[in-house]
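Asker: Sharing a structure, written as structure tokens. Questions coming.
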Amino acid sequence: KAEGINLLSFSGFRSYSRQKTIYNIKKDYHNGNVKKTEEYVAPPGASEHQLGLAMDVKDPSGKNLGPAFGKTKQGIWLKDNCHKYGFIIRYSKEYESVTLYNYEPWHLRYVGVDAAYAINKMDNIPLEWYVSDLRLKIYQYLIME
């Protein structure tokens, strides 16, 4: 607030049933096209929201939802600061081919402050790459022991 930034969390934990409803609404909107549906909505049982570790945010006006949110004052602040609170912007434009989701500047994933800082320091690589890097370090450590 000191910087004039106001954000609202509007979607946190989702039950399987709620995710199924959201998925089916989007699927109906896309006339049953699963590929189009899954560009922005995970199938039930596969959503980070069901883990309780993800949330979607918006500015209080509710405007600028979608990729344009990333270019707003709030979206820019979020990208520059969310790691300080243990969050990452989960689906970045640069790594759509890795995450298999379109750019979602409003979708935050909690990974903890240490991991968020590390990911930020690595130019905000996708979580998939960060986890792979950790696994590699563990394997290397075990081999050396």
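Ordering of the structure tokens sets the chain letters (A, B, ...); residue numbers start at 1 within each chain; ligands are numbered from 1 in the order shown.
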Restrict the calculation to only C-alpha atoms, then for each residue of region 90-110 of chain A with any atom at most 10 Å from an atom of region 7-14 of chain A give the closest atom pair and their distance in Å to one decimal, rows by chain and rising residue number, as a tab-separated table.
Answerer:
```
residue	atom	partner	partner_atom	distance
A:Trp106	CA	A:Ser9	CA	9.4
A:His107	CA	A:Ser11	CA	9.2
A:Leu108	CA	A:Gly12	CA	9.6
```
Asker: Can you pull out the residues contacting region 31-46 of chain A? Cut-off 8 Å, using only C-alpha atoms, and skip same-chain residues under 2 positions away; I want them as a list in words.
Answerer: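 Answer for this query is Tyr16, Ser17, Gln19, Lys20, Ile22, Tyr23, Lys26, Lys27, Asp28, Tyr29, Glu48, Gln50, Leu100, Tyr101, Asn102 and Glu104 of chain A.
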Asker: Here is a test: counting only C-alpha atoms, which residue of A:Met144, A:Ile25, A:Leu53, A:Val98 is nearest to Val111 (chain A)?
Answerer: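 Of the candidates, the smallest distance to Val111 (chain A) is held by A:Leu53.
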Asker: Quick one, how far is CA of Thr99 (chain A) from CA of Leu127 (chain A)?
Answerer: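 About the pair CA of Thr99 (chain A) and CA of Leu127 (chain A): they are 8.4 Å apart.
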Asker: Write out as an MDAnalysis selection string the set of residues from region 23-139 of chain A that DSSP, computed on the backbone, places in helix (DSSP H, G or I).
Answerer: chainID A and resid 23:29 34:37 48:51 67:71 73:85 93:99 113:121 127:139
Asker: Just to confirm, what's the straight-line distance from CA of Gly4 (chain A) to CA of Cys82 (chain A) in Å (one decimal)?
Answerer: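 If I compute the distance from CA of Gly4 (chain A) to CA of Cys82 (chain A), I get 15.4 Å.
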